[in-house]
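The file data.cif comes next; it holds mmCIF, N, CA and C atoms.
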```
data_upload
loop_
_atom_site.label_atom_id
_atom_site.label_comp_id
_atom_site.auth_asym_id
_atom_site.auth_seq_id
_atom_site.Cartn_x
_atom_site.Cartn_y
_atom_site.Cartn_z
N MET N 227 -63.74 -18.43 -14.93
CA MET N 227 -64.81 -19.41 -14.94
C MET N 227 -66.12 -18.69 -14.67
N THR N 228 -67.11 -18.93 -15.48
CA THR N 228 -68.41 -18.30 -15.26
C THR N 228 -69.24 -19.15 -14.34
N LEU N 229 -70.27 -18.55 -13.77
CA LEU N 229 -71.20 -19.28 -12.92
C LEU N 229 -71.84 -20.42 -13.69
N GLU N 230 -72.09 -20.21 -14.96
CA GLU N 230 -72.72 -21.23 -15.80
C GLU N 230 -71.93 -22.53 -15.79
N HIS N 231 -70.59 -22.43 -15.82
CA HIS N 231 -69.77 -23.63 -15.83
C HIS N 231 -69.61 -24.29 -14.48
N SER N 232 -69.94 -23.59 -13.40
CA SER N 232 -69.74 -24.16 -12.08
C SER N 232 -71.04 -24.69 -11.47
N LYS N 233 -72.11 -24.73 -12.25
CA LYS N 233 -73.37 -25.26 -11.73
C LYS N 233 -73.23 -26.74 -11.44
N PRO N 234 -73.82 -27.19 -10.32
CA PRO N 234 -73.77 -28.62 -10.03
C PRO N 234 -74.57 -29.40 -11.06
N THR N 235 -74.11 -30.60 -11.33
CA THR N 235 -74.82 -31.47 -12.24
C THR N 235 -75.22 -32.73 -11.51
N PRO N 236 -76.32 -33.34 -11.90
CA PRO N 236 -76.74 -34.57 -11.24
C PRO N 236 -75.68 -35.66 -11.41
N THR N 237 -75.42 -36.38 -10.35
CA THR N 237 -74.47 -37.49 -10.39
C THR N 237 -75.07 -38.64 -9.61
N MET N 238 -74.37 -39.75 -9.60
CA MET N 238 -74.82 -40.87 -8.77
C MET N 238 -74.89 -40.40 -7.34
N ARG N 239 -75.90 -40.83 -6.67
CA ARG N 239 -76.05 -40.44 -5.27
C ARG N 239 -75.10 -41.27 -4.40
N PRO N 240 -74.56 -40.66 -3.36
CA PRO N 240 -73.63 -41.39 -2.49
C PRO N 240 -74.37 -42.45 -1.66
N ASN N 241 -73.64 -43.44 -1.20
CA ASN N 241 -74.22 -44.43 -0.30
C ASN N 241 -74.61 -43.75 0.99
N ILE N 242 -75.74 -44.16 1.55
CA ILE N 242 -76.18 -43.61 2.83
C ILE N 242 -76.55 -44.74 3.78
N THR N 243 -76.45 -44.44 5.06
CA THR N 243 -76.79 -45.39 6.11
C THR N 243 -77.78 -44.73 7.05
N LEU N 244 -78.81 -45.47 7.42
CA LEU N 244 -79.80 -44.97 8.37
C LEU N 244 -79.89 -45.90 9.57
N VAL N 245 -80.15 -45.29 10.71
CA VAL N 245 -80.42 -46.04 11.93
C VAL N 245 -81.85 -46.58 11.80
N ASP N 246 -82.08 -47.82 12.21
CA ASP N 246 -83.39 -48.44 12.03
C ASP N 246 -84.55 -47.64 12.63
N ALA N 247 -84.35 -47.03 13.80
CA ALA N 247 -85.42 -46.24 14.41
C ALA N 247 -85.77 -45.03 13.55
N ASP N 248 -84.75 -44.36 13.00
CA ASP N 248 -85.00 -43.23 12.09
C ASP N 248 -85.72 -43.71 10.84
N TYR N 249 -85.28 -44.84 10.30
CA TYR N 249 -85.88 -45.37 9.09
C TYR N 249 -87.39 -45.57 9.27
N LYS N 250 -87.78 -46.17 10.38
CA LYS N 250 -89.20 -46.42 10.63
C LYS N 250 -89.99 -45.12 10.73
N ARG N 251 -89.49 -44.17 11.50
CA ARG N 251 -90.20 -42.89 11.65
C ARG N 251 -90.24 -42.11 10.35
N LEU N 252 -89.13 -42.12 9.61
CA LEU N 252 -89.08 -41.37 8.35
C LEU N 252 -89.97 -42.00 7.28
N SER N 253 -90.09 -43.32 7.28
CA SER N 253 -90.99 -43.99 6.34
C SER N 253 -92.43 -43.55 6.57
N ALA N 254 -92.84 -43.53 7.83
CA ALA N 254 -94.19 -43.08 8.17
C ALA N 254 -94.38 -41.61 7.81
N LEU N 255 -93.37 -40.80 8.07
CA LEU N 255 -93.43 -39.36 7.75
C LEU N 255 -93.55 -39.14 6.25
N ALA N 256 -92.78 -39.86 5.46
CA ALA N 256 -92.82 -39.72 4.00
C ALA N 256 -94.21 -40.08 3.47
N SER N 257 -94.79 -41.15 4.00
CA SER N 257 -96.14 -41.55 3.57
C SER N 257 -97.16 -40.48 3.93
N ALA N 258 -97.08 -39.97 5.13
CA ALA N 258 -98.04 -38.94 5.58
C ALA N 258 -97.88 -37.64 4.81
N ALA N 259 -96.66 -37.32 4.39
CA ALA N 259 -96.40 -36.04 3.71
C ALA N 259 -96.75 -36.07 2.22
N MET N 260 -97.07 -37.22 1.67
CA MET N 260 -97.37 -37.33 0.24
C MET N 260 -98.49 -36.39 -0.21
N TYR N 261 -99.42 -36.07 0.69
CA TYR N 261 -100.55 -35.21 0.33
C TYR N 261 -100.21 -33.73 0.48
N GLN N 262 -99.34 -33.39 1.43
CA GLN N 262 -99.00 -31.99 1.68
C GLN N 262 -97.85 -31.49 0.81
N ASP N 263 -96.84 -32.30 0.65
CA ASP N 263 -95.66 -31.91 -0.12
C ASP N 263 -95.14 -33.11 -0.89
N PRO N 264 -95.85 -33.49 -1.96
CA PRO N 264 -95.50 -34.73 -2.65
C PRO N 264 -94.08 -34.77 -3.22
N ALA N 265 -93.56 -33.66 -3.69
CA ALA N 265 -92.21 -33.68 -4.29
C ALA N 265 -91.15 -34.03 -3.24
N THR N 266 -91.21 -33.36 -2.08
CA THR N 266 -90.23 -33.63 -1.03
C THR N 266 -90.46 -35.01 -0.42
N ALA N 267 -91.72 -35.40 -0.25
CA ALA N 267 -92.02 -36.73 0.28
C ALA N 267 -91.48 -37.81 -0.65
N GLU N 268 -91.58 -37.60 -1.95
CA GLU N 268 -91.06 -38.55 -2.92
C GLU N 268 -89.53 -38.61 -2.85
N MET N 269 -88.89 -37.46 -2.70
CA MET N 269 -87.43 -37.42 -2.55
C MET N 269 -87.00 -38.21 -1.31
N LEU N 270 -87.71 -38.00 -0.20
CA LEU N 270 -87.39 -38.71 1.04
C LEU N 270 -87.60 -40.21 0.84
N SER N 271 -88.68 -40.59 0.20
CA SER N 271 -88.95 -42.01 -0.06
C SER N 271 -87.83 -42.64 -0.88
N GLU N 272 -87.35 -41.91 -1.88
CA GLU N 272 -86.25 -42.42 -2.71
C GLU N 272 -84.98 -42.62 -1.89
N GLU N 273 -84.72 -41.69 -0.97
CA GLU N 273 -83.54 -41.83 -0.11
C GLU N 273 -83.70 -43.05 0.80
N LEU N 274 -84.89 -43.24 1.34
CA LEU N 274 -85.14 -44.37 2.22
C LEU N 274 -84.97 -45.70 1.48
N GLU N 275 -85.44 -45.74 0.24
CA GLU N 275 -85.34 -46.97 -0.56
C GLU N 275 -83.90 -47.39 -0.82
N ARG N 276 -83.01 -46.44 -0.96
CA ARG N 276 -81.63 -46.78 -1.31
C ARG N 276 -80.71 -46.87 -0.09
N ALA N 277 -81.24 -46.59 1.09
CA ALA N 277 -80.42 -46.57 2.31
C ALA N 277 -80.09 -47.97 2.81
N ARG N 278 -78.92 -48.08 3.38
CA ARG N 278 -78.56 -49.27 4.15
C ARG N 278 -79.05 -49.01 5.56
N VAL N 279 -79.87 -49.89 6.09
CA VAL N 279 -80.46 -49.69 7.42
C VAL N 279 -79.76 -50.61 8.41
N MET N 280 -79.36 -50.03 9.54
CA MET N 280 -78.63 -50.78 10.56
C MET N 280 -79.23 -50.53 11.94
N PRO N 281 -79.10 -51.50 12.83
CA PRO N 281 -79.51 -51.24 14.22
C PRO N 281 -78.69 -50.08 14.77
N GLY N 282 -79.31 -49.26 15.58
CA GLY N 282 -78.64 -48.07 16.12
C GLY N 282 -77.32 -48.36 16.80
N ASN N 283 -77.22 -49.50 17.50
CA ASN N 283 -75.98 -49.80 18.22
C ASN N 283 -74.88 -50.31 17.30
N LYS N 284 -75.18 -50.58 16.03
CA LYS N 284 -74.17 -51.06 15.09
C LYS N 284 -73.86 -50.04 14.00
N ALA N 285 -74.63 -48.96 13.93
CA ALA N 285 -74.43 -47.95 12.88
C ALA N 285 -73.21 -47.09 13.20
N PRO N 286 -72.50 -46.66 12.17
CA PRO N 286 -71.36 -45.76 12.41
C PRO N 286 -71.83 -44.48 13.11
N LYS N 287 -71.06 -44.02 14.06
CA LYS N 287 -71.46 -42.84 14.83
C LYS N 287 -71.38 -41.54 14.04
N GLU N 288 -70.68 -41.55 12.91
CA GLU N 288 -70.49 -40.31 12.14
C GLU N 288 -71.55 -40.09 11.06
N ILE N 289 -72.59 -40.93 11.02
CA ILE N 289 -73.63 -40.71 10.01
C ILE N 289 -74.61 -39.64 10.49
N ILE N 290 -75.20 -38.94 9.52
CA ILE N 290 -76.22 -37.94 9.85
C ILE N 290 -77.52 -38.67 10.10
N CYS N 291 -78.01 -38.52 11.32
CA CYS N 291 -79.29 -39.10 11.68
C CYS N 291 -80.15 -37.97 12.26
N MET N 292 -81.36 -38.30 12.63
CA MET N 292 -82.23 -37.28 13.18
C MET N 292 -81.62 -36.76 14.49
N GLY N 293 -81.55 -35.44 14.60
CA GLY N 293 -80.95 -34.81 15.77
C GLY N 293 -79.48 -34.48 15.61
N SER N 294 -78.87 -34.89 14.50
CA SER N 294 -77.45 -34.61 14.27
C SER N 294 -77.22 -33.12 14.03
N ASP N 295 -76.08 -32.64 14.49
CA ASP N 295 -75.59 -31.31 14.14
C ASP N 295 -74.63 -31.51 12.97
N VAL N 296 -74.82 -30.74 11.92
CA VAL N 296 -74.08 -30.94 10.68
C VAL N 296 -73.44 -29.64 10.22
N LEU N 297 -72.19 -29.72 9.85
CA LEU N 297 -71.49 -28.61 9.23
C LEU N 297 -71.31 -29.00 7.77
N TYR N 298 -71.87 -28.18 6.85
CA TYR N 298 -71.74 -28.50 5.44
C TYR N 298 -71.42 -27.26 4.63
N ARG N 299 -70.89 -27.49 3.42
CA ARG N 299 -70.51 -26.42 2.52
C ARG N 299 -71.39 -26.49 1.27
N ASP N 300 -71.94 -25.35 0.87
CA ASP N 300 -72.62 -25.24 -0.42
C ASP N 300 -71.49 -25.18 -1.44
N ASP N 301 -71.41 -26.16 -2.32
CA ASP N 301 -70.27 -26.25 -3.23
C ASP N 301 -70.30 -25.20 -4.34
N LEU N 302 -71.42 -24.53 -4.55
CA LEU N 302 -71.49 -23.48 -5.56
C LEU N 302 -71.06 -22.13 -4.97
N THR N 303 -71.65 -21.79 -3.81
CA THR N 303 -71.36 -20.48 -3.20
C THR N 303 -70.17 -20.53 -2.25
N ARG N 304 -69.76 -21.74 -1.83
CA ARG N 304 -68.68 -21.98 -0.85
C ARG N 304 -69.10 -21.57 0.57
N GLU N 305 -70.36 -21.21 0.77
CA GLU N 305 -70.87 -20.85 2.10
C GLU N 305 -70.90 -22.10 2.97
N VAL N 306 -70.48 -21.95 4.22
CA VAL N 306 -70.50 -23.04 5.19
C VAL N 306 -71.62 -22.77 6.18
N ARG N 307 -72.42 -23.79 6.46
CA ARG N 307 -73.54 -23.66 7.39
C ARG N 307 -73.49 -24.76 8.43
N ARG N 308 -73.97 -24.45 9.61
CA ARG N 308 -74.14 -25.44 10.68
C ARG N 308 -75.64 -25.53 10.95
N VAL N 309 -76.18 -26.75 10.87
CA VAL N 309 -77.60 -26.97 11.10
C VAL N 309 -77.81 -28.21 11.95
N SER N 310 -78.98 -28.29 12.54
CA SER N 310 -79.43 -29.52 13.22
C SER N 310 -80.55 -30.09 12.38
N LEU N 311 -80.52 -31.38 12.12
CA LEU N 311 -81.55 -32.05 11.33
C LEU N 311 -82.63 -32.57 12.27
N VAL N 312 -83.86 -32.09 12.08
CA VAL N 312 -84.95 -32.40 13.01
C VAL N 312 -86.22 -32.82 12.26
N PHE N 313 -87.18 -33.33 13.00
CA PHE N 313 -88.50 -33.62 12.45
C PHE N 313 -89.25 -32.31 12.25
N PRO N 314 -90.25 -32.29 11.37
CA PRO N 314 -90.94 -31.03 11.02
C PRO N 314 -91.43 -30.20 12.20
N GLY N 315 -91.99 -30.81 13.23
CA GLY N 315 -92.52 -30.07 14.38
C GLY N 315 -91.45 -29.35 15.20
N GLU N 316 -90.20 -29.74 15.03
CA GLU N 316 -89.09 -29.15 15.79
C GLU N 316 -88.33 -28.10 14.99
N ALA N 317 -88.66 -27.96 13.71
CA ALA N 317 -87.91 -27.06 12.83
C ALA N 317 -88.05 -25.60 13.27
N ASP N 318 -86.93 -24.89 13.24
CA ASP N 318 -86.90 -23.47 13.59
C ASP N 318 -85.65 -22.87 12.93
N ILE N 319 -85.86 -22.23 11.81
CA ILE N 319 -84.72 -21.73 11.03
C ILE N 319 -83.91 -20.70 11.83
N SER N 320 -84.55 -19.98 12.75
CA SER N 320 -83.81 -19.00 13.56
C SER N 320 -82.81 -19.67 14.49
N GLN N 321 -83.03 -20.96 14.79
CA GLN N 321 -82.10 -21.73 15.61
C GLN N 321 -81.30 -22.73 14.78
N ASN N 322 -81.35 -22.57 13.44
CA ASN N 322 -80.65 -23.46 12.51
C ASN N 322 -81.10 -24.91 12.62
N LYS N 323 -82.37 -25.12 12.98
CA LYS N 323 -82.95 -26.45 13.03
C LYS N 323 -83.77 -26.63 11.75
N ILE N 324 -83.28 -27.51 10.86
CA ILE N 324 -83.99 -27.69 9.59
C ILE N 324 -84.70 -29.04 9.56
N SER N 325 -85.87 -29.02 8.96
CA SER N 325 -86.71 -30.20 8.86
C SER N 325 -86.16 -31.18 7.83
N VAL N 326 -86.29 -32.44 8.13
CA VAL N 326 -85.94 -33.49 7.18
C VAL N 326 -86.88 -33.45 5.98
N LEU N 327 -88.01 -32.75 6.11
CA LEU N 327 -88.95 -32.61 4.99
C LEU N 327 -88.70 -31.35 4.18
N THR N 328 -87.48 -30.86 4.20
CA THR N 328 -87.06 -29.82 3.26
C THR N 328 -86.10 -30.50 2.28
N PRO N 329 -85.95 -29.95 1.10
CA PRO N 329 -85.02 -30.60 0.16
C PRO N 329 -83.61 -30.78 0.72
N VAL N 330 -83.06 -29.77 1.41
CA VAL N 330 -81.71 -29.92 1.95
C VAL N 330 -81.69 -30.93 3.10
N GLY N 331 -82.75 -30.95 3.91
CA GLY N 331 -82.83 -31.93 4.99
C GLY N 331 -82.86 -33.35 4.47
N THR N 332 -83.66 -33.56 3.43
CA THR N 332 -83.73 -34.87 2.79
C THR N 332 -82.39 -35.25 2.18
N ALA N 333 -81.70 -34.27 1.59
CA ALA N 333 -80.39 -34.54 0.99
C ALA N 333 -79.36 -34.96 2.05
N LEU N 334 -79.45 -34.40 3.25
CA LEU N 334 -78.46 -34.66 4.29
C LEU N 334 -78.60 -36.02 4.96
N ILE N 335 -79.82 -36.52 5.12
CA ILE N 335 -80.03 -37.72 5.93
C ILE N 335 -79.18 -38.90 5.44
N GLY N 336 -78.47 -39.51 6.39
CA GLY N 336 -77.70 -40.71 6.08
C GLY N 336 -76.30 -40.50 5.56
N LEU N 337 -75.93 -39.24 5.26
CA LEU N 337 -74.58 -38.97 4.78
C LEU N 337 -73.58 -38.98 5.93
N ARG N 338 -72.31 -38.94 5.60
CA ARG N 338 -71.25 -38.81 6.61
C ARG N 338 -70.24 -37.78 6.13
N ALA N 339 -69.37 -37.33 7.00
CA ALA N 339 -68.36 -36.32 6.64
C ALA N 339 -67.57 -36.76 5.43
N GLY N 340 -67.36 -35.81 4.50
CA GLY N 340 -66.61 -36.07 3.29
C GLY N 340 -67.49 -36.40 2.10
N GLN N 341 -68.74 -36.77 2.33
CA GLN N 341 -69.63 -37.10 1.22
C GLN N 341 -70.28 -35.85 0.65
N SER N 342 -70.56 -35.88 -0.65
CA SER N 342 -71.24 -34.79 -1.34
C SER N 342 -72.50 -35.33 -1.99
N ILE N 343 -73.48 -34.45 -2.19
CA ILE N 343 -74.73 -34.84 -2.83
C ILE N 343 -75.28 -33.67 -3.63
N THR N 344 -75.91 -33.98 -4.75
CA THR N 344 -76.59 -33.01 -5.59
C THR N 344 -78.08 -33.27 -5.47
N TRP N 345 -78.87 -32.20 -5.31
CA TRP N 345 -80.31 -32.37 -5.17
C TRP N 345 -81.01 -31.15 -5.77
N PRO N 346 -82.30 -31.32 -6.15
CA PRO N 346 -83.06 -30.19 -6.69
C PRO N 346 -83.75 -29.41 -5.58
N THR N 347 -83.72 -28.09 -5.68
CA THR N 347 -84.46 -27.24 -4.74
C THR N 347 -85.93 -27.25 -5.16
N ARG N 348 -86.78 -26.63 -4.35
CA ARG N 348 -88.20 -26.56 -4.69
C ARG N 348 -88.43 -25.79 -5.99
N SER N 349 -87.51 -24.88 -6.33
CA SER N 349 -87.66 -24.11 -7.57
C SER N 349 -87.09 -24.85 -8.78
N GLY N 350 -86.50 -26.04 -8.54
CA GLY N 350 -85.96 -26.83 -9.63
C GLY N 350 -84.48 -26.61 -9.89
N GLU N 351 -83.88 -25.66 -9.17
CA GLU N 351 -82.44 -25.40 -9.30
C GLU N 351 -81.67 -26.57 -8.68
N MET N 352 -80.55 -26.95 -9.28
CA MET N 352 -79.72 -28.02 -8.73
C MET N 352 -78.69 -27.42 -7.77
N LYS N 353 -78.56 -28.00 -6.60
CA LYS N 353 -77.59 -27.58 -5.59
C LYS N 353 -76.68 -28.76 -5.28
N ARG N 354 -75.51 -28.46 -4.77
CA ARG N 354 -74.58 -29.50 -4.34
C ARG N 354 -73.96 -29.08 -3.03
N LEU N 355 -73.88 -30.00 -2.10
CA LEU N 355 -73.24 -29.72 -0.81
C LEU N 355 -72.27 -30.83 -0.48
N THR N 356 -71.33 -30.48 0.40
CA THR N 356 -70.38 -31.45 0.94
C THR N 356 -70.45 -31.37 2.45
N VAL N 357 -70.60 -32.52 3.09
CA VAL N 357 -70.65 -32.60 4.55
C VAL N 357 -69.23 -32.48 5.08
N LEU N 358 -69.01 -31.53 5.97
CA LEU N 358 -67.69 -31.31 6.55
C LEU N 358 -67.53 -31.99 7.91
N LYS N 359 -68.61 -31.99 8.71
CA LYS N 359 -68.52 -32.56 10.06
C LYS N 359 -69.90 -32.97 10.53
N VAL N 360 -69.97 -34.06 11.28
CA VAL N 360 -71.23 -34.56 11.85
C VAL N 360 -71.02 -34.75 13.34
N GLU N 361 -71.93 -34.22 14.14
CA GLU N 361 -71.91 -34.42 15.58
C GLU N 361 -73.28 -34.95 15.99
N ASN N 362 -73.28 -36.06 16.71
CA ASN N 362 -74.53 -36.64 17.20
C ASN N 362 -74.63 -36.38 18.69
N ARG N 363 -75.79 -35.91 19.10
CA ARG N 363 -76.00 -35.54 20.49
C ARG N 363 -76.44 -36.72 21.35
N HIS N 364 -76.73 -37.82 20.71
CA HIS N 364 -77.21 -38.97 21.47
C HIS N 364 -76.45 -40.22 21.05
N ASP N 365 -76.44 -41.17 21.92
CA ASP N 365 -75.80 -42.46 21.56
C ASP N 365 -76.75 -43.20 20.65
N MET N 366 -76.19 -43.86 19.65
CA MET N 366 -77.03 -44.65 18.75
C MET N 366 -77.06 -46.02 19.31
#
```
Can I see the file as structure tokens?
Amino acid sequence: MTLEHSKPTPTMRPNITLVDADYKRLSALASAAMYQDPATAEMLSEELERARVMPGNKAPKEIICMGSDVLYRDDLTREVRRVSLVFPGEADISQNKISVLTPVGTALIGLRAGQSITWPTRSGEMKRLTVLKVENRHDM
């Protein structure tokens, strides 16, 4: 099998769930980011529009929310990574803290273990990942 045949292709996006507090903060963040990074802000806005929003105390504990630790696999390279999903001011790649305003951060929000998603990188390349495990450090 060549690399050409194993490239991810766009598919229907998986269902996602957001905690109401995250939804409110992320909506404001997406609006504010439209001038600095319109492509990623638009991607985040699209994710927010299709999300099921629930009160924090009723949302499933295994969803990726802000502050979640996530283990995921790049479905093309098979590389497994562990990251924490954070707001832009907290991002630090040396500590594996990735901003929700990155393409992969936007792709992760609202997913749960077992779900996969395809998204475009900033260079336009299509990537696909599968969430292997979600750990939340706080009670929802």
Exercise. Could you pull out all residues of chain N with a DSSP call of strand (DSSP E or B) and give them as a ChimeraX atom specification?
Worked result: /N:243-245,278-280,289,295-300,306-312,318,323-325,338,342-346,352-361
Exercise. Just so the selection is clear, what residues does the PyMOL selection byres ((chain N and resi 309-311) around 6) cover here, as a VMD selection string?
Worked result: chain N and resid 291 to 297 307 to 308 312 to 313 322 to 326
Exercise. Which is closer to Ile242 of chain N than all the others in N:Pro314, N:Pro281, N:Pro286, N:Pro346, using only C-alpha atoms?
Worked result: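 Counting only C-alpha atoms, the residue closest to Ile242 of chain N is N:Pro286.
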Exercise. So how many Å separate atom CA of Ala247 of chain N and atom C of Arg276 of chain N, to one decimal?
Worked result: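 Separating atom CA of Ala247 of chain N from atom C of Arg276 of chain N is a distance of 15.3 Å.
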Report as a compact mmCIF listing (two decimals) with N, CA and C atoms, in the frame of the given file the residues that result from applying the PyMOL selection byres ((chain N and resi 350-360) around 6.5) to the structure here.
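The resulting expr20.txt:
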```
# COMPACT_ATOMS: atom_id res chain seq x y z
N PRO N 234 -73.82 -27.19 -10.32
CA PRO N 234 -73.77 -28.62 -10.03
C PRO N 234 -74.57 -29.40 -11.06
N GLU N 288 -70.68 -41.55 12.91
CA GLU N 288 -70.49 -40.31 12.14
C GLU N 288 -71.55 -40.09 11.06
N ILE N 289 -72.59 -40.93 11.02
CA ILE N 289 -73.63 -40.71 10.01
C ILE N 289 -74.61 -39.64 10.49
N ILE N 290 -75.20 -38.94 9.52
CA ILE N 290 -76.22 -37.94 9.85
C ILE N 290 -77.52 -38.67 10.10
N SER N 294 -78.87 -34.89 14.50
CA SER N 294 -77.45 -34.61 14.27
C SER N 294 -77.22 -33.12 14.03
N ASP N 295 -76.08 -32.64 14.49
CA ASP N 295 -75.59 -31.31 14.14
C ASP N 295 -74.63 -31.51 12.97
N VAL N 296 -74.82 -30.74 11.92
CA VAL N 296 -74.08 -30.94 10.68
C VAL N 296 -73.44 -29.64 10.22
N LEU N 297 -72.19 -29.72 9.85
CA LEU N 297 -71.49 -28.61 9.23
C LEU N 297 -71.31 -29.00 7.77
N TYR N 298 -71.87 -28.18 6.85
CA TYR N 298 -71.74 -28.50 5.44
C TYR N 298 -71.42 -27.26 4.63
N ARG N 299 -70.89 -27.49 3.42
CA ARG N 299 -70.51 -26.42 2.52
C ARG N 299 -71.39 -26.49 1.27
N ASP N 300 -71.94 -25.35 0.87
CA ASP N 300 -72.62 -25.24 -0.42
C ASP N 300 -71.49 -25.18 -1.44
N ASP N 301 -71.41 -26.16 -2.32
CA ASP N 301 -70.27 -26.25 -3.23
C ASP N 301 -70.30 -25.20 -4.34
N LEU N 302 -71.42 -24.53 -4.55
CA LEU N 302 -71.49 -23.48 -5.56
C LEU N 302 -71.06 -22.13 -4.97
N ARG N 338 -72.31 -38.94 5.60
CA ARG N 338 -71.25 -38.81 6.61
C ARG N 338 -70.24 -37.78 6.13
N ALA N 339 -69.37 -37.33 7.00
CA ALA N 339 -68.36 -36.32 6.64
C ALA N 339 -67.57 -36.76 5.43
N GLY N 340 -67.36 -35.81 4.50
CA GLY N 340 -66.61 -36.07 3.29
C GLY N 340 -67.49 -36.40 2.10
N GLN N 341 -68.74 -36.77 2.33
CA GLN N 341 -69.63 -37.10 1.22
C GLN N 341 -70.28 -35.85 0.65
N SER N 342 -70.56 -35.88 -0.65
CA SER N 342 -71.24 -34.79 -1.34
C SER N 342 -72.50 -35.33 -1.99
N ILE N 343 -73.48 -34.45 -2.19
CA ILE N 343 -74.73 -34.84 -2.83
C ILE N 343 -75.28 -33.67 -3.63
N THR N 344 -75.91 -33.98 -4.75
CA THR N 344 -76.59 -33.01 -5.59
C THR N 344 -78.08 -33.27 -5.47
N TRP N 345 -78.87 -32.20 -5.31
CA TRP N 345 -80.31 -32.37 -5.17
C TRP N 345 -81.01 -31.15 -5.77
N PRO N 346 -82.30 -31.32 -6.15
CA PRO N 346 -83.06 -30.19 -6.69
C PRO N 346 -83.75 -29.41 -5.58
N THR N 347 -83.72 -28.09 -5.68
CA THR N 347 -84.46 -27.24 -4.74
C THR N 347 -85.93 -27.25 -5.16
N ARG N 348 -86.78 -26.63 -4.35
CA ARG N 348 -88.20 -26.56 -4.69
C ARG N 348 -88.43 -25.79 -5.99
N SER N 349 -87.51 -24.88 -6.33
CA SER N 349 -87.66 -24.11 -7.57
C SER N 349 -87.09 -24.85 -8.78
N GLU N 361 -71.93 -34.22 14.14
CA GLU N 361 -71.91 -34.42 15.58
C GLU N 361 -73.28 -34.95 15.99
N ASN N 362 -73.28 -36.06 16.71
CA ASN N 362 -74.53 -36.64 17.20
C ASN N 362 -74.63 -36.38 18.69
```
Problem set entry | Shell around segment 248-252 of chain N at 8 Å using only C-alpha atoms, local window under 3 positions removed, as a PyMOL selection string | chain N and resi 244-245+255-256+270+274+279+291-292
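Here atom CA of Glu305 of chain N is placed at a distance of 17.4 Å from atom CA of Ser320 of chain N.
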Problem set entry | Between atom CA of Leu327 of chain N and atom CA of Pro264 of chain N - distance in Å to one decimal |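 Result for atom CA of Pro264 of chain N versus atom CA of Leu327 of chain N: 10.3 Å, one decimal.
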Problem set entry | Residue list (helix (DSSP H, G or I), DSSP) for segment 257-348 of chain N, as an MDAnalysis selection string | chainID N and resid 257:259 264:276 314:316 319:321 329:334
For this session: Identify, on the basis of all atoms listed in the file, every residue whose closest approach to Ser257 of chain N does not exceed 8 Å; exclude the query and any residue fewer than 3 positions from it along the same chain; express the result as a PyMOL selection string.
Result: chain N and resi 251-254+260-262+267-268+270-271
Exercise. Taking only C-alpha atoms into account, which of N:Ala259, N:Val330, N:Glu273, N:Ala265 comes nearest Arg239 of chain N?
Worked result: N:Glu273
